[in-house]
file model.txt (compact mmCIF, C-alpha atoms and all ligand atoms)
# COMPACT_ATOMS: atom_id res chain seq x y z
CA MET A 1 106.02 104.00 89.20
CA GLU A 2 104.18 104.37 85.90
CA GLY A 3 104.57 100.62 85.15
CA TRP A 4 103.44 99.74 88.67
CA GLN A 5 100.36 101.96 88.35
CA GLU A 6 99.58 100.41 84.95
CA ARG A 7 99.92 96.92 86.42
CA ARG A 8 97.82 97.54 89.50
CA THR A 9 94.96 98.89 87.37
CA SER A 10 95.28 96.17 84.70
CA PHE A 11 93.06 93.58 86.38
CA GLY A 12 89.75 94.71 84.84
CA SER A 13 91.06 93.80 81.37
CA MET A 14 91.00 90.06 82.18
CA ALA A 15 88.29 90.05 84.84
CA ALA A 16 86.12 87.52 83.01
CA ASP A 17 88.88 84.89 83.12
CA TYR A 18 90.16 85.63 86.57
CA ALA A 19 87.84 83.64 88.87
CA ALA A 20 88.04 80.54 86.69
CA LEU A 21 91.81 80.54 86.28
CA ARG A 22 93.32 81.61 89.59
CA PRO A 23 93.58 79.39 92.69
CA GLY A 24 91.34 79.76 95.73
CA TYR A 25 92.48 79.84 99.37
CA PRO A 26 92.56 77.16 102.09
CA ALA A 27 89.78 77.38 104.73
CA GLU A 28 92.42 76.98 107.44
CA ALA A 29 94.07 80.25 106.39
CA VAL A 30 90.78 82.10 106.95
CA ALA A 31 90.17 80.30 110.26
CA PHE A 32 93.66 81.33 111.40
CA LEU A 33 93.06 84.98 110.50
CA LEU A 34 89.52 85.37 111.83
CA GLY A 35 88.81 82.58 114.32
CA ASN A 36 85.55 80.66 114.20
CA ARG A 37 83.02 83.29 115.28
CA PRO A 38 81.16 85.04 112.42
CA ARG A 39 82.65 88.50 111.81
CA ARG A 40 81.92 91.49 109.64
CA VAL A 41 84.85 91.46 107.23
CA LEU A 42 86.11 93.85 104.58
CA ASP A 43 87.71 91.96 101.67
CA LEU A 44 90.02 94.67 100.29
CA GLY A 45 91.22 94.23 96.71
CA ALA A 46 88.50 91.56 96.56
CA GLY A 47 88.69 91.24 92.77
CA THR A 48 86.29 88.62 91.47
CA GLY A 49 85.81 87.26 95.00
CA LEU A 50 88.08 84.20 95.31
CA LEU A 51 88.88 84.98 98.96
CA THR A 52 85.29 86.20 99.49
CA ASP A 53 84.10 82.66 98.61
CA VAL A 54 86.11 81.20 101.50
CA LEU A 55 85.00 83.95 103.91
CA LEU A 56 81.33 83.32 103.09
CA ALA A 57 81.73 79.55 103.41
CA ALA A 58 83.14 80.14 106.92
CA GLY A 59 79.99 82.11 107.85
CA HIS A 60 81.38 85.67 107.78
CA GLN A 61 79.50 88.72 106.53
CA VAL A 62 81.58 90.30 103.76
CA VAL A 63 81.88 93.76 102.24
CA ALA A 64 84.02 93.75 99.09
CA VAL A 65 86.05 96.75 97.91
CA ASP A 66 88.29 96.92 94.83
CA LEU A 67 89.78 99.56 92.56
CA SER A 68 88.47 97.79 89.48
CA SER A 69 84.79 97.96 88.60
CA GLY A 70 85.35 95.20 86.00
CA MET A 71 86.58 92.78 88.68
CA LEU A 72 83.69 93.73 90.99
CA ASP A 73 81.16 93.14 88.18
CA GLN A 74 82.35 89.52 88.12
CA LEU A 75 82.12 89.32 91.91
CA ARG A 76 78.56 90.72 91.91
CA ALA A 77 77.50 88.24 89.21
CA ARG A 78 78.93 85.30 91.16
CA LEU A 79 78.02 86.47 94.68
CA PRO A 80 74.97 88.76 94.52
CA GLN A 81 74.52 88.65 98.31
CA VAL A 82 77.80 90.54 98.89
CA VAL A 83 77.82 94.34 99.17
CA ALA A 84 80.55 95.55 96.80
CA ALA A 85 81.95 99.05 96.32
CA VAL A 86 84.62 100.50 94.04
CA GLY A 87 87.41 102.08 96.08
CA GLY A 88 91.07 101.94 97.01
CA ALA A 89 92.88 100.80 100.13
CA GLU A 90 94.15 104.37 100.43
CA ARG A 91 90.59 105.73 100.60
CA ILE A 92 88.21 103.03 101.78
CA PRO A 93 84.53 103.81 101.11
CA LEU A 94 83.35 102.66 104.58
CA PRO A 95 82.55 104.51 107.82
CA ASP A 96 84.87 104.60 110.83
CA ALA A 97 84.91 101.52 113.10
CA SER A 98 82.62 99.54 110.79
CA VAL A 99 84.36 96.13 110.44
CA ASP A 100 85.90 93.49 112.72
CA ALA A 101 88.58 92.57 110.21
CA VAL A 102 90.14 93.63 106.92
CA VAL A 103 91.57 90.89 104.73
CA ALA A 104 93.37 91.00 101.39
CA GLY A 105 94.13 88.00 99.16
CA GLN A 106 96.97 88.44 96.67
CA ALA A 107 96.41 92.20 96.85
CA ALA A 108 98.22 93.97 99.73
CA HIS A 109 101.38 94.43 97.63
CA TRP A 110 99.35 96.85 95.49
CA PHE A 111 98.41 99.08 98.45
CA ASP A 112 100.33 102.22 99.32
CA PRO A 113 101.34 101.32 102.91
CA ALA A 114 101.20 104.67 104.75
CA PRO A 115 97.77 105.91 103.61
CA ALA A 116 96.34 102.37 103.51
CA ALA A 117 97.47 101.62 107.10
CA ALA A 118 95.78 104.82 108.29
CA GLU A 119 92.58 103.74 106.54
CA LEU A 120 92.77 100.23 108.02
CA ARG A 121 92.99 101.70 111.51
CA ARG A 122 90.06 104.01 110.77
CA VAL A 123 87.63 101.34 109.52
CA LEU A 124 88.56 98.68 112.10
CA ARG A 125 86.62 98.30 115.32
CA PRO A 126 88.59 98.02 118.58
CA ARG A 127 90.53 94.72 118.75
CA GLY A 128 90.03 94.30 114.99
CA VAL A 129 92.57 92.38 112.87
CA VAL A 130 94.16 92.71 109.45
CA GLY A 131 94.87 89.55 107.44
CA PHE A 132 97.02 89.33 104.32
CA VAL A 133 97.17 86.10 102.29
CA TRP A 134 99.27 85.12 99.29
CA ASN A 135 99.53 81.95 97.24
CA THR A 136 102.90 81.23 95.63
CA ARG A 137 103.47 78.39 93.16
CA ASP A 138 105.23 75.52 94.93
CA GLU A 139 108.50 75.24 93.03
CA ARG A 140 109.63 72.17 94.96
CA VAL A 141 107.72 70.30 92.22
CA PRO A 142 110.02 70.00 89.15
CA TRP A 143 107.60 71.07 86.39
CA VAL A 144 106.43 74.02 88.54
CA ALA A 145 110.10 75.00 89.01
CA ALA A 146 110.57 74.89 85.22
CA LEU A 147 107.52 77.12 84.85
CA GLY A 148 108.94 79.46 87.50
CA ARG A 149 112.19 79.83 85.54
CA LEU A 150 110.18 80.88 82.49
CA LEU A 151 108.22 83.40 84.58
CA ALA A 152 111.33 84.82 86.24
CA ALA A 153 110.22 88.34 85.33
CA GLU A 154 107.46 87.99 87.88
CA ALA A 155 109.13 88.98 91.12
CA ARG A 156 106.42 87.84 93.57
CA ASP A 157 107.62 85.42 96.20
CA HIS A 158 107.29 84.93 99.93
CA ALA A 159 110.27 87.21 100.59
CA ALA A 160 108.52 90.06 98.76
CA ASP A 161 105.32 89.37 100.71
CA GLN A 162 107.22 89.52 104.00
CA GLY A 163 108.53 92.96 102.99
CA VAL A 164 104.96 94.18 102.45
CA VAL A 165 103.86 92.73 105.80
CA ALA A 166 106.82 94.35 107.60
CA ARG A 167 105.95 97.72 106.09
CA PHE A 168 102.31 97.47 107.26
CA ALA A 169 103.36 96.13 110.68
CA ALA A 170 105.51 99.26 111.14
CA GLU A 171 102.87 101.66 109.83
CA LEU A 172 99.89 100.32 111.81
CA PRO A 173 101.80 99.40 114.15
CA ALA A 174 100.92 95.72 114.70
CA GLU A 175 102.08 92.35 115.99
CA VAL A 176 102.41 89.74 113.21
CA THR A 177 101.78 86.00 113.29
CA VAL A 178 101.90 83.71 110.27
CA LEU A 179 100.42 80.39 109.16
CA GLY A 180 101.76 78.35 106.26
CA SER A 181 99.37 76.03 104.40
CA ALA A 182 98.79 74.84 100.86
CA VAL A 183 96.24 74.64 98.08
CA VAL A 184 96.18 72.65 94.84
CA GLN A 185 94.53 73.82 91.64
CA ARG A 186 93.31 71.06 89.29
CA VAL A 187 93.60 72.54 85.81
CA THR A 188 94.22 71.71 82.18
CA SER A 189 97.41 72.92 80.50
CA GLU A 190 95.39 75.56 78.66
CA GLN A 191 94.02 76.81 82.00
CA VAL A 192 97.58 77.09 83.34
CA VAL A 193 98.40 79.23 80.30
CA GLY A 194 95.20 81.26 80.81
CA GLY A 195 95.93 81.78 84.52
CA ILE A 196 99.39 83.13 83.69
CA GLY A 197 97.66 85.41 81.19
CA THR A 198 95.75 87.02 84.10
CA ARG A 199 99.00 88.11 85.80
CA SER A 200 99.35 91.87 85.69
CA TYR A 201 102.80 91.73 84.08
CA VAL A 202 101.40 89.62 81.22
CA ALA A 203 98.15 91.58 80.88
CA THR A 204 100.15 94.76 80.31
CA MET A 205 102.35 93.28 77.51
CA ASP A 206 101.52 94.25 73.93
CA ASP A 207 99.62 91.57 71.96
CA ALA A 208 102.65 90.20 70.06
CA ARG A 209 104.81 89.90 73.18
CA ARG A 210 102.00 88.28 75.17
CA ALA A 211 101.36 85.72 72.39
CA ASP A 212 105.07 84.86 72.24
CA PHE A 213 105.39 84.60 76.03
CA LEU A 214 102.28 82.43 76.48
CA GLY A 215 103.44 80.32 73.52
CA ARG A 216 106.62 79.50 75.45
CA VAL A 217 104.54 78.49 78.51
CA ARG A 218 102.36 76.28 76.27
CA ALA A 219 105.46 74.66 74.74
CA LEU A 220 106.95 73.92 78.16
CA LEU A 221 103.76 72.16 79.31
CA ALA A 222 103.58 70.20 76.04
CA GLU A 223 107.18 69.01 76.39
CA HIS A 224 107.91 68.56 80.10
CA PRO A 225 107.86 64.84 81.07
CA ASP A 226 105.60 65.52 84.08
CA THR A 227 102.94 67.46 82.14
CA ARG A 228 103.17 66.15 78.53
CA GLY A 229 99.90 64.52 77.36
CA ARG A 230 98.11 64.92 80.70
CA ASP A 231 94.47 66.06 80.66
CA VAL A 232 94.50 67.51 84.16
CA LEU A 233 97.45 68.92 86.06
CA GLU A 234 97.71 69.49 89.77
CA LEU A 235 99.28 72.91 90.24
CA PRO A 236 100.43 73.22 93.86
CA TYR A 237 100.69 76.49 95.79
CA ARG A 238 102.13 77.33 99.18
CA THR A 239 99.88 79.71 101.06
CA ARG A 240 101.03 82.17 103.72
CA ALA A 241 98.47 83.94 105.89
CA TYR A 242 99.73 86.88 107.97
CA ARG A 243 97.64 88.12 110.89
CA LEU A 244 98.42 91.70 111.92
CA ARG A 245 96.95 92.70 115.27
CA PRO A 246 97.19 96.49 115.70
CA ARG A 247 98.77 97.51 119.03
C1 LIG B 301 95.74 89.76 92.10
S1 LIG B 301 94.13 90.47 92.32
C2 LIG B 301 93.48 89.55 93.73
C3 LIG B 301 91.96 89.54 93.79
C4 LIG B 301 91.33 88.70 94.89
N1 LIG B 301 91.60 89.21 96.21
C5 LIG B 301 91.75 87.25 94.80
O1 LIG B 301 92.35 86.75 95.73
O2 LIG B 301 91.48 86.63 93.78
C6 LIG B 301 94.51 92.04 93.01
C7 LIG B 301 93.30 92.95 93.12
O3 LIG B 301 93.69 94.13 93.85
C8 LIG B 301 93.04 95.25 93.28
N2 LIG B 301 93.79 96.45 93.68
C9 LIG B 301 94.99 96.85 93.24
N3 LIG B 301 95.37 97.97 93.90
C10 LIG B 301 94.40 98.25 94.80
C11 LIG B 301 94.22 99.29 95.78
N4 LIG B 301 95.15 100.19 95.96
N5 LIG B 301 93.08 99.26 96.52
C12 LIG B 301 92.14 98.30 96.33
N6 LIG B 301 92.26 97.31 95.41
C13 LIG B 301 93.37 97.29 94.66
C14 LIG B 301 93.04 94.95 91.78
O4 LIG B 301 92.06 95.68 91.09
C15 LIG B 301 92.77 93.45 91.79
O5 LIG B 301 91.40 93.15 91.70
call {"tool": "encode", "arguments": {"input": "model.txt", "output": "structure tokens"}}
result
Amino acid sequence: MEGWQERRTSFGSMAADYAALRPGYPAEAVAFLLGNRPRRVLDLGAGTGLLTDVLLAAGHQVVAVDLSSGMLDQLRARLPQVVAAVGGAERIPLPDASVDAVVAGQAAHWFDPAPAAAELRRVLRPRGVVGFVWNTRDERVPWVAALGRLLAAEARDHAADQGVVARFAAELPAEVTVLGSAVVQRVTSEQVVGGIGTRSYVATMDDARRADFLGRVRALLAEHPDTRGRDVLELPYRTRAYRLRPR
């Protein structure tokens, strides 16, 4: 529990790198969750605003909430038009029945399901929806599979996400539908290394261990036949968007 708490509050320490080094989300995932009519949407665990970007581009009005003031500082600098407040999913700093939807990108696994589900119900308007989205590296591509073997300590995959969704579906309670899509990040090798450095399990390593670990990632990218000597890599992700419609 202590390690989990340390990891979920670690994001502020690499907030400056986060928006530049993590992948965005496909517009179709947001369209699936929210439909095409402009909505008032809470982006919960909004971080530096990577999902917020896609929500705004689709015409939605966004309120951003995150535990980390460091992450929200980056969001405010990038997206000054968005109202942003520090707060947790377990105690959302918004009035009752104030949003049409609550979405979370790469964040719902950090929420404590029972108190967070009660808060989601409280802030949602009638017929509101909850949308959870995760990107997972697409390990059908050989060099991404090799990277995945190196990062085996990181236990996030679609099966884990489904467990989180099932927990929330039971707590809300809600009907669940899912859309699979994909997104590709065009990055240099050094940006791949930097992006892995923003993962909570790397950010919480001590300096020597982190340097050794990221050194092994760097060596893999320098040696693998599909990445060696390439200026720009295409890092593919599979995206799953889960729409939870409270009963
Ligand atoms: C992996 S980042 C994802 C950020 C952003 N949604 C994105 O897609 O780039 C997870 C975020 O969840 C936030 N977080 C963790 N636990 C939270 C909680 N219980 N309530 C609200 N935010 C939380 C962290 O501070 C962090 O900014």
call {"tool": "residues_near_point", "arguments": {"input": "model.txt", "point": "(102.6, 83.0, 88.2)", "cutoff": "8 Å", "atoms": "only C-alpha atoms", "output": "ChimeraX atom specification"}}
result
/A:136-137,148,151,154,195-196,199
call {"tool": "atom_distance", "arguments": {"input": "model.txt", "atom1": "atom CA of Val63 of chain A", "atom2": "atom CA of Ala101 of chain A"}}
result
10.5 Å
call {"tool": "closest_atom_pairs", "arguments": {"input": "model.txt", "of": "chain A", "to": "ligand LIG 301 (chain B)", "cutoff": "7 Å", "atoms": "only C-alpha atoms and all ligand atoms", "output": "tab-separated table"}}
result
residue	atom	partner	partner_atom	distance
A:Arg8	CA	B:LIG301	C9	4.7
A:Thr9	CA	B:LIG301	O4	5.7
A:Phe11	CA	B:LIG301	O4	5.3
A:Gly12	CA	B:LIG301	O4	6.7
A:Ala19	CA	B:LIG301	O2	6.8
A:Arg22	CA	B:LIG301	O2	6.8
A:Leu44	CA	B:LIG301	C12	5.8
A:Gly45	CA	B:LIG301	N6	3.5
A:Ala46	CA	B:LIG301	N1	3.9
A:Gly47	CA	B:LIG301	O5	3.5
A:Thr48	CA	B:LIG301	O2	6.0
A:Gly49	CA	B:LIG301	C4	5.7
A:Leu50	CA	B:LIG301	O2	4.5
A:Leu51	CA	B:LIG301	O1	5.1
A:Val65	CA	B:LIG301	C12	6.5
A:Asp66	CA	B:LIG301	N6	4.0
A:Leu67	CA	B:LIG301	N6	4.4
A:Ser68	CA	B:LIG301	O4	4.5
A:Met71	CA	B:LIG301	O5	5.7
A:Gly87	CA	B:LIG301	C12	6.1
A:Gly88	CA	B:LIG301	N5	3.4
A:Ala89	CA	B:LIG301	N5	3.9
A:Glu90	CA	B:LIG301	N4	6.2
A:Ala104	CA	B:LIG301	N1	5.8
A:Gly105	CA	B:LIG301	O1	4.1
A:Gln106	CA	B:LIG301	C2	4.7
A:Ala107	CA	B:LIG301	C6	4.3
A:Trp110	CA	B:LIG301	N3	4.4
A:Phe111	CA	B:LIG301	N4	4.2
A:Asp112	CA	B:LIG301	N4	6.5
call {"tool": "closest_residue", "arguments": {"input": "model.txt", "among": "A:Asn135, A:Asn36, A:Gln162, A:Ser98", "to": "Arg122 of chain A", "atoms": "all atoms listed in the file"}}
result
A:Ser98
call {"tool": "closest_residue", "arguments": {"input": "model.txt", "among": "A:Val102, A:Ala152, A:Leu235, A:Ala145", "to": "Arg186 of chain A", "atoms": "only C-alpha atoms"}}
result
A:Leu235
call {"tool": "closest_residue", "arguments": {"input": "model.txt", "among": "A:Arg78, A:Arg247, A:His224, A:His60", "to": "Glu171 of chain A", "atoms": "all atoms listed in the file"}}
result
A:Arg247
call {"tool": "atom_distance", "arguments": {"input": "model.txt", "atom1": "atom CA of Asp53 of chain A", "atom2": "atom CA of Val82 of chain A"}}
result
10.1 Å
call {"tool": "atom_distance", "arguments": {"input": "model.txt", "atom1": "atom CA of Leu34 of chain A", "atom2": "atom CA of Pro173 of chain A"}}
result
18.8 Å
call {"tool": "closest_residue", "arguments": {"input": "model.txt", "among": "A:Leu214, A:Val202, A:Ala20, A:Leu244", "to": "Ala117 of chain A", "atoms": "only C-alpha atoms"}}
result
A:Leu244
call {"tool": "decode", "arguments": {"input": "model.txt", "residues": "segment 120-158 of chain A", "atoms": "N, CA and C atoms", "output": "PDB file, in the first residue's frame"}}
result
ATOM      1  N   LEU A 120     -18.367   9.839  -8.216  1.00  0.00           N
ATOM      2  CA  LEU A 120     -18.763   9.936  -9.636  1.00  0.00           C
ATOM      3  C   LEU A 120     -20.276  10.080  -9.725  1.00  0.00           C
ATOM      4  N   ARG A 121     -20.985   9.271  -8.965  1.00  0.00           N
ATOM      5  CA  ARG A 121     -22.461   9.348  -8.990  1.00  0.00           C
ATOM      6  C   ARG A 121     -22.921  10.731  -8.525  1.00  0.00           C
ATOM      7  N   ARG A 122     -22.248  11.263  -7.523  1.00  0.00           N
ATOM      8  CA  ARG A 122     -22.661  12.554  -6.957  1.00  0.00           C
ATOM      9  C   ARG A 122     -22.489  13.698  -7.969  1.00  0.00           C
ATOM     10  N   VAL A 123     -21.354  13.722  -8.679  1.00  0.00           N
ATOM     11  CA  VAL A 123     -21.095  14.882  -9.551  1.00  0.00           C
ATOM     12  C   VAL A 123     -21.777  14.761 -10.919  1.00  0.00           C
ATOM     13  N   LEU A 124     -22.193  13.528 -11.277  1.00  0.00           N
ATOM     14  CA  LEU A 124     -22.821  13.343 -12.595  1.00  0.00           C
ATOM     15  C   LEU A 124     -24.267  13.825 -12.600  1.00  0.00           C
ATOM     16  N   ARG A 125     -24.655  14.416 -13.721  1.00  0.00           N
ATOM     17  CA  ARG A 125     -26.059  14.743 -13.944  1.00  0.00           C
ATOM     18  C   ARG A 125     -26.805  13.463 -14.337  1.00  0.00           C
ATOM     19  N   PRO A 126     -28.142  13.477 -14.277  1.00  0.00           N
ATOM     20  CA  PRO A 126     -28.889  12.296 -14.716  1.00  0.00           C
ATOM     21  C   PRO A 126     -28.496  11.912 -16.148  1.00  0.00           C
ATOM     22  N   ARG A 127     -28.409  10.627 -16.392  1.00  0.00           N
ATOM     23  CA  ARG A 127     -28.007  10.058 -17.701  1.00  0.00           C
ATOM     24  C   ARG A 127     -26.544  10.390 -18.054  1.00  0.00           C
ATOM     25  N   GLY A 128     -25.766  10.785 -17.059  1.00  0.00           N
ATOM     26  CA  GLY A 128     -24.344  11.055 -17.304  1.00  0.00           C
ATOM     27  C   GLY A 128     -23.570   9.760 -17.541  1.00  0.00           C
ATOM     28  N   VAL A 129     -22.366   9.887 -18.092  1.00  0.00           N
ATOM     29  CA  VAL A 129     -21.538   8.692 -18.348  1.00  0.00           C
ATOM     30  C   VAL A 129     -20.141   8.856 -17.742  1.00  0.00           C
ATOM     31  N   VAL A 130     -19.530   7.708 -17.507  1.00  0.00           N
ATOM     32  CA  VAL A 130     -18.135   7.650 -17.047  1.00  0.00           C
ATOM     33  C   VAL A 130     -17.339   6.998 -18.168  1.00  0.00           C
ATOM     34  N   GLY A 131     -16.169   7.551 -18.496  1.00  0.00           N
ATOM     35  CA  GLY A 131     -15.342   6.956 -19.544  1.00  0.00           C
ATOM     36  C   GLY A 131     -13.914   6.772 -19.062  1.00  0.00           C
ATOM     37  N   PHE A 132     -13.420   5.551 -19.135  1.00  0.00           N
ATOM     38  CA  PHE A 132     -12.028   5.276 -18.762  1.00  0.00           C
ATOM     39  C   PHE A 132     -11.263   4.861 -20.021  1.00  0.00           C
ATOM     40  N   VAL A 133     -10.084   5.432 -20.217  1.00  0.00           N
ATOM     41  CA  VAL A 133      -9.267   5.118 -21.397  1.00  0.00           C
ATOM     42  C   VAL A 133      -7.847   4.768 -20.963  1.00  0.00           C
ATOM     43  N   TRP A 134      -7.310   3.738 -21.606  1.00  0.00           N
ATOM     44  CA  TRP A 134      -5.893   3.401 -21.390  1.00  0.00           C
ATOM     45  C   TRP A 134      -5.222   3.110 -22.728  1.00  0.00           C
ATOM     46  N   ASN A 135      -3.987   3.556 -22.853  1.00  0.00           N
ATOM     47  CA  ASN A 135      -3.109   3.149 -23.948  1.00  0.00           C
ATOM     48  C   ASN A 135      -2.157   2.083 -23.421  1.00  0.00           C
ATOM     49  N   THR A 136      -1.952   1.043 -24.209  1.00  0.00           N
ATOM     50  CA  THR A 136      -0.983   0.003 -23.842  1.00  0.00           C
ATOM     51  C   THR A 136      -0.071  -0.214 -25.041  1.00  0.00           C
ATOM     52  N   ARG A 137       1.240  -0.252 -24.821  1.00  0.00           N
ATOM     53  CA  ARG A 137       2.156  -0.469 -25.946  1.00  0.00           C
ATOM     54  C   ARG A 137       1.754  -1.715 -26.721  1.00  0.00           C
ATOM     55  N   ASP A 138       1.808  -1.622 -28.048  1.00  0.00           N
ATOM     56  CA  ASP A 138       1.371  -2.725 -28.902  1.00  0.00           C
ATOM     57  C   ASP A 138       2.525  -3.709 -29.103  1.00  0.00           C
ATOM     58  N   GLU A 139       2.520  -4.766 -28.321  1.00  0.00           N
ATOM     59  CA  GLU A 139       3.663  -5.699 -28.326  1.00  0.00           C
ATOM     60  C   GLU A 139       3.577  -6.725 -29.440  1.00  0.00           C
ATOM     61  N   ARG A 140       2.652  -6.535 -30.386  1.00  0.00           N
ATOM     62  CA  ARG A 140       2.684  -7.382 -31.587  1.00  0.00           C
ATOM     63  C   ARG A 140       3.851  -6.964 -32.486  1.00  0.00           C
ATOM     64  N   VAL A 141       4.389  -5.759 -32.237  1.00  0.00           N
ATOM     65  CA  VAL A 141       5.553  -5.272 -33.002  1.00  0.00           C
ATOM     66  C   VAL A 141       6.825  -5.749 -32.274  1.00  0.00           C
ATOM     67  N   PRO A 142       7.745  -6.443 -32.995  1.00  0.00           N
ATOM     68  CA  PRO A 142       8.854  -7.111 -32.294  1.00  0.00           C
ATOM     69  C   PRO A 142       9.685  -6.216 -31.370  1.00  0.00           C
ATOM     70  N   TRP A 143      10.091  -5.017 -31.830  1.00  0.00           N
ATOM     71  CA  TRP A 143      10.955  -4.224 -30.937  1.00  0.00           C
ATOM     72  C   TRP A 143      10.168  -3.735 -29.719  1.00  0.00           C
ATOM     73  N   VAL A 144       8.848  -3.551 -29.874  1.00  0.00           N
ATOM     74  CA  VAL A 144       8.027  -3.118 -28.734  1.00  0.00           C
ATOM     75  C   VAL A 144       7.869  -4.292 -27.754  1.00  0.00           C
ATOM     76  N   ALA A 145       7.823  -5.521 -28.296  1.00  0.00           N
ATOM     77  CA  ALA A 145       7.772  -6.707 -27.428  1.00  0.00           C
ATOM     78  C   ALA A 145       9.070  -6.830 -26.634  1.00  0.00           C
ATOM     79  N   ALA A 146      10.210  -6.550 -27.302  1.00  0.00           N
ATOM     80  CA  ALA A 146      11.502  -6.628 -26.606  1.00  0.00           C
ATOM     81  C   ALA A 146      11.552  -5.584 -25.481  1.00  0.00           C
ATOM     82  N   LEU A 147      11.024  -4.406 -25.777  1.00  0.00           N
ATOM     83  CA  LEU A 147      10.953  -3.354 -24.757  1.00  0.00           C
ATOM     84  C   LEU A 147      10.065  -3.825 -23.602  1.00  0.00           C
ATOM     85  N   GLY A 148       8.946  -4.442 -23.938  1.00  0.00           N
ATOM     86  CA  GLY A 148       7.999  -4.922 -22.927  1.00  0.00           C
ATOM     87  C   GLY A 148       8.650  -5.942 -21.990  1.00  0.00           C
ATOM     88  N   ARG A 149       9.531  -6.797 -22.555  1.00  0.00           N
ATOM     89  CA  ARG A 149      10.185  -7.805 -21.703  1.00  0.00           C
ATOM     90  C   ARG A 149      11.102  -7.117 -20.693  1.00  0.00           C
ATOM     91  N   LEU A 150      11.735  -6.037 -21.144  1.00  0.00           N
ATOM     92  CA  LEU A 150      12.619  -5.284 -20.243  1.00  0.00           C
ATOM     93  C   LEU A 150      11.820  -4.585 -19.141  1.00  0.00           C
ATOM     94  N   LEU A 151      10.583  -4.188 -19.478  1.00  0.00           N
ATOM     95  CA  LEU A 151       9.755  -3.419 -18.544  1.00  0.00           C
ATOM     96  C   LEU A 151       8.794  -4.324 -17.789  1.00  0.00           C
ATOM     97  N   ALA A 152       9.133  -5.612 -17.706  1.00  0.00           N
ATOM     98  CA  ALA A 152       8.183  -6.591 -17.160  1.00  0.00           C
ATOM     99  C   ALA A 152       7.690  -6.217 -15.768  1.00  0.00           C
ATOM    100  N   ALA A 153       8.486  -5.419 -15.050  1.00  0.00           N
ATOM    101  CA  ALA A 153       8.069  -5.035 -13.696  1.00  0.00           C
ATOM    102  C   ALA A 153       6.802  -4.184 -13.719  1.00  0.00           C
ATOM    103  N   GLU A 154       6.532  -3.599 -14.869  1.00  0.00           N
ATOM    104  CA  GLU A 154       5.369  -2.721 -14.969  1.00  0.00           C
ATOM    105  C   GLU A 154       4.154  -3.592 -15.308  1.00  0.00           C
ATOM    106  N   ALA A 155       3.267  -3.754 -14.362  1.00  0.00           N
ATOM    107  CA  ALA A 155       2.203  -4.750 -14.542  1.00  0.00           C
ATOM    108  C   ALA A 155       0.932  -4.193 -15.177  1.00  0.00           C
ATOM    109  N   ARG A 156       1.040  -3.091 -15.955  1.00  0.00           N
ATOM    110  CA  ARG A 156      -0.194  -2.550 -16.549  1.00  0.00           C
ATOM    111  C   ARG A 156      -0.457  -3.195 -17.907  1.00  0.00           C
ATOM    112  N   ASP A 157      -1.594  -3.832 -18.036  1.00  0.00           N
ATOM    113  CA  ASP A 157      -1.991  -4.339 -19.340  1.00  0.00           C
ATOM    114  C   ASP A 157      -3.508  -4.287 -19.408  1.00  0.00           C
ATOM    115  N   HIS A 158      -4.046  -4.736 -20.555  1.00  0.00           N
ATOM    116  CA  HIS A 158      -5.499  -4.612 -20.710  1.00  0.00           C
ATOM    117  C   HIS A 158      -6.248  -5.458 -19.679  1.00  0.00           C
TER     118      HIS A 158
END
